[in-house]
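Engineer: structure_33.txt (compact mmCIF, C-alpha atoms) pasted underneath:
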# COMPACT_ATOMS: atom_id res chain seq x y z
CA MET A 17 5.01 4.35 -11.60
CA ARG A 18 5.81 5.86 -8.24
CA SER A 19 8.76 6.38 -5.91
CA ALA A 20 8.76 6.78 -2.15
CA ILE A 21 11.10 7.98 0.58
CA VAL A 22 10.73 6.49 4.05
CA VAL A 23 12.27 7.79 7.27
CA GLY A 24 11.81 5.82 10.45
CA ALA A 25 11.95 2.50 8.61
CA THR A 26 13.45 0.53 11.51
CA GLY A 27 10.46 0.96 13.81
CA LEU A 28 7.35 -1.20 14.11
CA THR A 29 5.27 0.59 11.48
CA GLY A 30 8.19 1.60 9.28
CA THR A 31 9.40 -1.99 8.94
CA SER A 32 6.00 -3.15 7.72
CA LEU A 33 5.64 -0.08 5.49
CA ILE A 34 8.79 -0.66 3.44
CA GLU A 35 7.90 -4.32 2.92
CA GLN A 36 4.43 -3.40 1.68
CA LEU A 37 5.77 -0.62 -0.53
CA CYS A 38 8.29 -2.95 -2.14
CA GLU A 39 5.58 -5.52 -2.82
CA ASN A 40 3.20 -2.91 -4.25
CA ASP A 41 3.11 -2.81 -8.06
CA ASP A 42 2.51 0.96 -8.09
CA TYR A 43 5.98 1.61 -6.69
CA VAL A 44 9.20 1.03 -8.61
CA SER A 45 11.58 2.69 -6.13
CA VAL A 46 11.66 2.80 -2.32
CA ILE A 47 14.42 4.88 -0.72
CA VAL A 48 15.03 4.60 3.01
CA ILE A 49 17.01 7.21 4.91
CA ALA A 50 18.24 5.57 8.08
CA ARG A 51 21.01 5.64 10.63
CA ARG A 52 21.78 1.93 10.23
CA GLU A 53 21.40 -0.86 7.71
CA LEU A 54 18.19 -2.85 7.43
CA GLN A 55 17.82 -6.61 7.57
CA TYR A 56 15.12 -6.52 4.88
CA LYS A 57 16.37 -6.62 1.29
CA HIS A 58 14.51 -6.09 -1.99
CA PRO A 59 15.46 -5.11 -5.57
CA LYS A 60 13.35 -1.95 -5.32
CA LEU A 61 14.88 -0.91 -2.02
CA GLU A 62 17.78 1.52 -1.59
CA VAL A 63 19.06 2.37 1.89
CA LYS A 64 21.00 5.59 2.49
CA ILE A 65 22.86 5.74 5.79
CA ARG A 66 22.75 9.32 7.04
CA ASN A 67 23.25 11.37 10.19
CA PHE A 68 19.92 13.09 10.82
CA ASP A 69 21.70 15.99 12.53
CA THR A 70 23.51 16.88 9.30
CA LEU A 71 20.93 16.11 6.61
CA GLU A 72 21.12 18.36 3.56
CA GLU A 73 18.90 19.01 0.57
CA LYS A 74 21.11 16.76 -1.60
CA ASP A 75 20.28 13.83 0.71
CA ILE A 76 16.60 14.04 -0.24
CA GLU A 77 15.82 13.02 -3.80
CA PHE A 78 12.54 13.74 -5.54
CA ALA A 79 9.80 11.20 -4.80
CA HIS A 80 6.04 11.10 -5.07
CA GLU A 81 5.59 10.49 -1.35
CA LEU A 82 7.59 11.06 1.80
CA TYR A 83 6.55 8.67 4.57
CA CYS A 84 7.67 9.72 8.05
CA CYS A 85 7.45 7.06 10.76
CA LEU A 86 10.02 8.57 13.12
CA GLY A 87 9.27 8.14 16.79
CA THR A 88 10.80 7.08 20.08
CA THR A 89 10.10 7.17 23.81
CA ILE A 90 11.53 9.40 26.50
CA LYS A 91 12.97 6.32 28.21
CA LYS A 92 14.78 5.20 25.08
CA ALA A 93 15.87 8.71 24.11
CA GLY A 94 17.19 9.40 27.60
CA SER A 95 15.75 12.88 28.06
CA ARG A 96 12.96 15.16 26.92
CA GLU A 97 15.39 17.12 24.79
CA ALA A 98 16.55 13.97 22.98
CA PHE A 99 12.95 12.83 22.60
CA GLU A 100 11.92 16.12 20.96
CA LYS A 101 14.87 15.92 18.59
CA VAL A 102 13.57 12.60 17.19
CA ASP A 103 9.84 13.27 17.36
CA PHE A 104 9.78 16.97 16.47
CA GLU A 105 13.01 18.42 15.10
CA TYR A 106 13.93 15.62 12.67
CA PRO A 107 10.48 15.29 11.02
CA LEU A 108 10.17 19.06 10.64
CA ALA A 109 13.67 19.43 9.16
CA ILE A 110 13.07 16.55 6.73
CA ALA A 111 9.72 18.04 5.71
CA SER A 112 11.41 21.36 4.97
CA LEU A 113 13.99 19.65 2.76
CA ALA A 114 11.26 17.68 1.01
CA LYS A 115 9.40 20.89 0.25
CA LYS A 116 12.50 22.35 -1.38
CA ARG A 117 12.84 19.18 -3.46
CA GLY A 118 9.25 19.53 -4.65
CA ILE A 119 7.95 16.32 -3.07
CA PRO A 120 4.17 16.75 -3.39
CA HIS A 121 2.94 14.63 -0.48
CA MET A 122 4.10 13.95 3.07
CA LEU A 123 2.50 11.35 5.32
CA VAL A 124 3.48 11.54 8.98
CA ILE A 125 2.54 9.42 12.00
CA THR A 126 1.73 11.42 15.14
CA ALA A 127 -0.63 10.15 17.86
CA MET A 128 -4.33 9.77 18.61
CA GLY A 129 -4.22 12.44 21.30
CA ALA A 130 -1.94 14.91 19.50
CA ASN A 131 -2.66 18.40 20.79
CA GLU A 132 -0.15 21.15 21.51
CA GLN A 133 -2.34 22.25 24.43
CA SER A 134 -2.47 18.78 25.98
CA SER A 135 -1.46 18.22 29.59
CA ILE A 136 0.31 15.04 28.48
CA TYR A 137 3.84 15.82 27.33
CA TYR A 138 3.94 13.14 24.59
CA ASN A 139 0.70 14.35 23.01
CA ARG A 140 1.83 17.96 23.35
CA VAL A 141 5.00 17.32 21.33
CA LYS A 142 3.01 15.47 18.64
CA GLY A 143 0.53 18.33 18.47
CA LYS A 144 3.35 20.84 18.16
CA LEU A 145 4.76 18.84 15.24
CA GLU A 146 1.39 18.79 13.46
CA GLN A 147 1.00 22.54 13.81
CA ALA A 148 4.53 23.24 12.58
CA LEU A 149 4.04 21.00 9.53
CA MET A 150 0.77 22.70 8.65
CA GLU A 151 2.43 26.10 8.89
CA LEU A 152 5.21 24.89 6.60
CA GLY A 153 2.78 24.98 3.69
CA LEU A 154 3.41 21.59 2.08
CA GLN A 155 1.55 20.77 -1.13
CA ARG A 156 -0.24 17.91 0.59
CA LEU A 157 0.02 16.75 4.19
CA SER A 158 -1.62 13.61 5.57
CA ILE A 159 -1.51 13.30 9.36
CA ILE A 160 -1.86 9.74 10.67
CA ARG A 161 -3.20 9.48 14.23
CA PRO A 162 -3.18 5.84 15.36
CA SER A 163 -4.09 4.66 18.83
CA LEU A 164 -1.82 2.18 20.61
CA LEU A 165 0.24 0.34 17.99
CA VAL A 166 0.54 -3.42 18.38
CA GLY A 167 2.82 -5.88 16.64
CA GLN A 168 6.08 -7.76 17.07
CA ARG A 169 8.73 -5.27 18.19
CA GLU A 170 12.45 -5.89 18.30
CA GLU A 171 12.55 -4.24 21.71
CA PHE A 172 10.34 -4.93 24.72
CA ARG A 173 8.29 -1.99 25.97
CA PHE A 174 6.60 -2.84 29.26
CA GLY A 175 4.16 0.08 29.22
CA GLU A 176 2.95 -0.67 25.70
CA LYS A 177 2.64 -4.40 26.41
CA LEU A 178 0.57 -3.63 29.50
CA GLY A 179 -1.62 -1.24 27.54
CA GLU A 180 -2.04 -3.79 24.74
CA THR A 181 -3.17 -6.45 27.22
CA VAL A 182 -5.65 -4.13 28.92
CA LEU A 183 -7.13 -2.97 25.61
CA LYS A 184 -7.58 -6.56 24.46
CA LEU A 185 -9.52 -7.37 27.63
CA ILE A 186 -11.86 -4.39 27.35
CA LYS A 187 -12.17 -4.37 23.54
CA PRO A 188 -15.77 -5.72 23.60
CA LEU A 189 -16.72 -2.68 25.69
CA LEU A 190 -15.12 -0.20 23.31
CA ILE A 191 -18.10 0.54 21.08
CA GLY A 192 -19.51 3.70 19.57
CA PRO A 193 -17.26 6.72 20.21
CA LEU A 194 -14.91 4.52 22.27
CA LYS A 195 -13.86 2.60 19.14
CA ARG A 196 -11.23 5.25 18.53
CA VAL A 197 -9.15 4.04 21.51
CA ARG A 198 -8.95 0.43 20.31
CA SER A 199 -5.39 -0.70 19.63
CA ILE A 200 -4.42 -1.05 15.98
CA ASP A 201 -1.94 -3.34 14.27
CA ALA A 202 1.08 -1.52 12.89
CA SER A 203 0.83 -3.42 9.60
CA GLN A 204 -2.71 -2.06 9.14
CA VAL A 205 -1.46 1.48 9.74
CA ALA A 206 1.25 0.92 7.12
CA LYS A 207 -1.31 -0.37 4.61
CA ALA A 208 -3.63 2.55 5.35
CA MET A 209 -0.81 4.99 4.63
CA ILE A 210 -0.27 3.48 1.18
CA VAL A 211 -4.03 3.52 0.50
CA ILE A 212 -4.09 7.20 1.46
CA ALA A 213 -1.11 7.95 -0.79
CA LEU A 214 -2.71 6.26 -3.79
CA HIS A 215 -6.41 6.89 -3.22
CA GLY A 216 -6.75 9.46 -0.40
CA LYS A 217 -8.20 12.94 -0.42
CA LYS A 218 -6.34 15.42 -2.62
CA GLN A 219 -6.42 18.39 -0.27
CA PRO A 220 -3.73 20.41 1.54
CA VAL A 221 -4.19 18.89 5.01
CA THR A 222 -6.09 15.76 6.06
CA ILE A 223 -6.12 14.15 9.50
CA TYR A 224 -6.91 10.43 9.71
CA ALA A 225 -8.21 9.03 13.00
CA SER A 226 -7.36 5.54 14.21
CA GLN A 227 -10.84 4.09 13.69
CA ASP A 228 -10.72 5.23 10.05
CA LEU A 229 -7.25 3.75 9.53
CA ALA A 230 -8.48 0.40 10.86
CA LYS A 231 -11.08 0.12 8.06
CA MET A 232 -8.91 1.17 5.13
CA ASP A 233 -8.16 -1.22 2.31
CA PHE A 234 -7.29 -1.05 -1.36
CA PRO A 235 -10.30 -0.62 -3.64
CA LYS A 236 -11.39 -3.75 -5.43
CA VAL A 237 -11.02 -3.65 -9.20
CA ALA A 238 -14.34 -4.55 -10.80
CA GLN A 239 -14.05 -6.79 -13.85
CA GLU A 240 -16.09 -5.50 -16.76
CA GLU A 241 -18.65 -8.03 -17.98
CA LEU A 242 -19.27 -8.29 -21.73
CA PRO A 243 -22.90 -8.16 -22.96
CA ARG A 244 -24.30 -11.59 -23.79
CA GLU A 245 -24.54 -10.84 -27.50
CA GLU A 246 -20.86 -9.83 -27.59
CA LEU A 247 -19.79 -12.74 -25.41
CA PHE A 248 -21.13 -15.23 -27.97
CA ASN A 249 -20.13 -13.31 -31.09
CA TRP A 250 -17.32 -15.67 -32.07
CA HIS A 251 -16.63 -13.85 -35.36
CA LYS A 252 -15.86 -10.67 -33.41
CA HIS A 253 -13.64 -12.31 -30.81
CA ASN A 254 -11.80 -14.47 -33.34
CA GLY A 255 -11.41 -11.63 -35.81
CA VAL A 256 -13.04 -13.68 -38.63
CA GLY A 257 -14.05 -11.60 -41.63
CA SER A 258 -11.77 -8.70 -40.83
CA ASN A 259 -9.65 -9.18 -43.98
CA GLU A 260 -9.32 -11.28 -47.13
CA GLU A 261 -7.35 -14.01 -45.39
CA ASP A 262 -10.09 -14.38 -42.78
CA LYS A 263 -12.69 -14.65 -45.53
CA VAL A 264 -10.78 -17.57 -47.05
CA ASN A 265 -10.54 -19.26 -43.70
CA GLN A 266 -14.25 -18.75 -43.13
CA GLN A 267 -15.05 -20.45 -46.43
CA VAL A 268 -12.85 -23.41 -45.58
CA ILE A 269 -14.52 -23.81 -42.22
CA ILE A 270 -18.03 -23.64 -43.65
CA ASN A 271 -17.27 -25.91 -46.67
CA ARG A 272 -17.48 -29.40 -45.16
CA ALA A 273 -18.05 -31.31 -48.45
CA LYS A 274 -14.74 -33.16 -48.31
CA PHE A 275 -15.46 -34.33 -44.78
CA LYS A 276 -18.76 -35.93 -45.83
CA VAL A 277 -16.95 -38.49 -47.95
CA GLU A 278 -14.70 -39.43 -45.06
CA GLU A 279 -17.64 -39.74 -42.70
CA THR A 280 -19.44 -42.00 -45.22
CA VAL A 281 -16.42 -44.24 -45.58
CA VAL A 282 -16.17 -44.60 -41.84
CA ASP A 283 -19.84 -45.53 -41.62
CA GLU A 284 -19.51 -48.17 -44.36
CA ASP A 285 -16.47 -49.67 -42.68
CA VAL A 286 -18.33 -49.97 -39.43
CA THR A 287 -21.30 -51.65 -41.18
CA PHE A 288 -19.04 -54.03 -43.02
CA ASN A 289 -17.25 -55.07 -39.90
CA ARG A 290 -20.50 -55.71 -38.09
CA GLN A 291 -21.67 -57.94 -40.97
CA ASN A 292 -18.49 -59.98 -40.78
CA GLU A 293 -18.94 -60.41 -37.08
CA LYS A 294 -22.35 -61.95 -37.69
Could you express the structure from this file as structure tokens?
Structural biologist:
Amino acid sequence: MRSAIVVGATGLTGTSLIEQLCENDDYVSVIVIARRELQYKHPKLEVKIRNFDTLEEKDIEFAHELYCCLGTTIKKAGSREAFEKVDFEYPLAIASLAKKRGIPHMLVITAMGANEQSSIYYNRVKGKLEQALMELGLQRLSIIRPSLLVGQREEFRFGEKLGETVLKLIKPLLIGPLKRVRSIDASQVAKAMIVIALHGKKQPVTIYASQDLAKMDFPKVAQEELPREELFNWHKHNGVGSNEEDKVNQQVIINRAKFKVEETVVDEDVTFNRQNEK
């Protein structure tokens, strides 16, 4: 039975992630570290209100997985410095604390174009975060690189809505290598993260591209079929003959002498009645 810590639970993907974690039978405890309360409630869920600028090792309990969904925009943050604090400094600091706590696996959302050498500032920050996390030497690091995330946000983002509309229009043209730029539902990314945690590759660092995330699902449990001879072996399934009491029961079942008399009486009654009717 597993436990999970989630940071960034109030965003689009984080909101879906905590709901899916709480509904997953493999998890008995889901701890969210957030700066405000959540609307979602569940018996498995515990929310710890913390200031991310003053997080300490005691604020991070042991868990099997640390899910990091922290992310913002420069517009919302107000400046590049504030943006980097949320998208780079906080995830790295939390990862360092998780390492000290012995948390064996961190899953972090970055971006499809993450590259610290990128000419795009957003992708450059995400790439810098990936590199710093890899250098941190975590036991297991899973880097999630989704394309444009779609879903029902609490806030309206004009740029993302425009991008979502454009990608929907040109989706039929996005085939082959271009599949990687297709938009992806945030709930699917959340599900893919849980699939990776439970069934993903057990190696130090793995990077998951958006087109791979889009196809991920939980493995189907195959039901074992009994051989025909076992399926119809009633003695085996009923446990008959396994002890003295079963032997007695077996004799009673097989001995139908007393029922023959009753059957004969019934037959005679039926014949007698028919004769009277004539």
Engineer: Near A:Ala20, counting only C-alpha atoms, which residues have an atom at most 6 Å away, once you skip same-chain residues fewer than 3 positions from it, shown as a list of chain:residue names?
Structural biologist: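 Near A:Ala20, the qualifying residues are A:Val46, A:Ala79, A:His80, A:Glu81, A:Leu82.
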Engineer: How would the residues just chosen look if you wrote them out with C-alpha atoms as a CSV table (one decimal), in the coordinates of the input?
Structural biologist:
chain,number,residue,atom,x,y,z
A,46,VAL,CA,11.7,2.8,-2.3
A,79,ALA,CA,9.8,11.2,-4.8
A,80,HIS,CA,6.0,11.1,-5.1
A,81,GLU,CA,5.6,10.5,-1.4
A,82,LEU,CA,7.6,11.1,1.8
Engineer: Measuring atom to atom with all atoms listed in the file, identify which of A:Lys101, A:Gly24, A:Thr222, A:Gln204 is nearest to A:Leu54.
Structural biologist: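 With all atoms listed in the file as the atom set, the closest residue is A:Gly24.
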Engineer: Around the point (21.7, 5.5, 3.5) (coordinates from the file), which residues reach within 10 Å if we count only C-alpha atoms? Answer as a ChimeraX atom specification.
Structural biologist: /A:47-54,62-67,75
Engineer: Leaving out A:Leu154 and any residue of its chain fewer than 5 positions from it, which residues lie within 10 Å of it when counting all atoms listed in the file, given as a list of chain:residue names?
Structural biologist: A:Ala111, A:Ser112, A:Ala114, A:Lys115, A:Lys116, A:Gly118, A:Ile119, A:Pro120, A:His121, A:Met122, A:Leu149, A:Pro220, A:Val221
Engineer: Which of these residues is nearest to A:Leu28, using only C-alpha atoms: A:Ser199, A:Thr88, A:Ser95, A:Ser134?
Structural biologist: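 Among A:Ser199, A:Thr88, A:Ser95, A:Ser134, it is A:Thr88 that comes nearest to A:Leu28.
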Engineer: Select, from A:Val102, A:Cys38, A:Ala130, A:Ala109, the residue with the minimum atom-to-atom distance to A:Leu71, counting all atoms listed in the file.
Structural biologist: A:Ala109
Engineer: What does the structure give for the distance between atom CA of A:Pro162 and atom CA of A:Asp41, in Å to one decimal?
Structural biologist: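 Straight-line distance from atom CA of A:Pro162 to atom CA of A:Asp41 works out to 25.7 Å.
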Engineer: Skipping near chain neighbours, those fewer than 4 positions away, what residues fall within 12 Å of A:Glu39 using all atoms listed in the file, listed as a PDB file with C-alpha atoms, keeping the file's coordinate frame?
Structural biologist:
ATOM      1  CA  SER A  32       6.000  -3.150   7.720  1.00  0.00           C
ATOM      2  CA  LEU A  33       5.640  -0.080   5.490  1.00  0.00           C
ATOM      3  CA  ILE A  34       8.790  -0.660   3.440  1.00  0.00           C
ATOM      4  CA  GLU A  35       7.900  -4.320   2.920  1.00  0.00           C
ATOM      5  CA  TYR A  43       5.980   1.610  -6.690  1.00  0.00           C
ATOM      6  CA  VAL A  44       9.200   1.030  -8.610  1.00  0.00           C
ATOM      7  CA  SER A  45      11.580   2.690  -6.130  1.00  0.00           C
ATOM      8  CA  VAL A  46      11.660   2.800  -2.320  1.00  0.00           C
ATOM      9  CA  LYS A  57      16.370  -6.620   1.290  1.00  0.00           C
ATOM     10  CA  HIS A  58      14.510  -6.090  -1.990  1.00  0.00           C
ATOM     11  CA  PRO A  59      15.460  -5.110  -5.570  1.00  0.00           C
ATOM     12  CA  LYS A  60      13.350  -1.950  -5.320  1.00  0.00           C
ATOM     13  CA  LEU A  61      14.880  -0.910  -2.020  1.00  0.00           C
ATOM     14  CA  LYS A 207      -1.310  -0.370   4.610  1.00  0.00           C
ATOM     15  CA  ILE A 210      -0.270   3.480   1.180  1.00  0.00           C
TER      16      ILE A 210
END
Engineer: Considering all atoms listed in the file, state which residue in the set A:Tyr137, A:Lys74, A:Arg117, A:Arg18 is at the smallest distance from A:Ile90.
Structural biologist: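 Looking only at the distances to A:Ile90, the closest residue turns out to be A:Tyr137.
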Engineer: Around the point (-1.5, 1.2, 10.4) in the file's coordinates, collect all residues with an atom within 10 Å, using only C-alpha atoms, and return them as JSON, numbers by chain.
Structural biologist: {"A": [28, 29, 30, 32, 33, 125, 160, 161, 162, 163, 165, 166, 200, 201, 202, 203, 204, 205, 206, 207, 208, 209, 210, 226, 229, 230, 231, 232]}
Engineer: May I ask which of the residues A:Leu37, A:Ala127, A:Ile21, A:Ala213 is the closest one to A:Cys84, counting only C-alpha atoms?
Structural biologist: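 Counting only C-alpha atoms, the residue closest to A:Cys84 is A:Ile21.
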Engineer: Atom CA of A:Met17 and atom CA of A:Arg156 are how many Å apart?
Structural biologist: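 Straight-line distance from atom CA of A:Met17 to atom CA of A:Arg156 works out to 19.0 Å.
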Engineer: Could you jot down the atom CA of A:Ala148 to atom CA of A:Thr89 separation for me, Å, one decimal place?
Structural biologist: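 Interatomic distance, atom CA of A:Ala148 to atom CA of A:Thr89: 20.4 Å.
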Engineer: Would you mind telling me which residue in A:Glu100, A:Tyr106, A:Glu73, A:Val211 lies nearest to A:Gln36 when using all atoms listed in the file?
Structural biologist: A:Val211
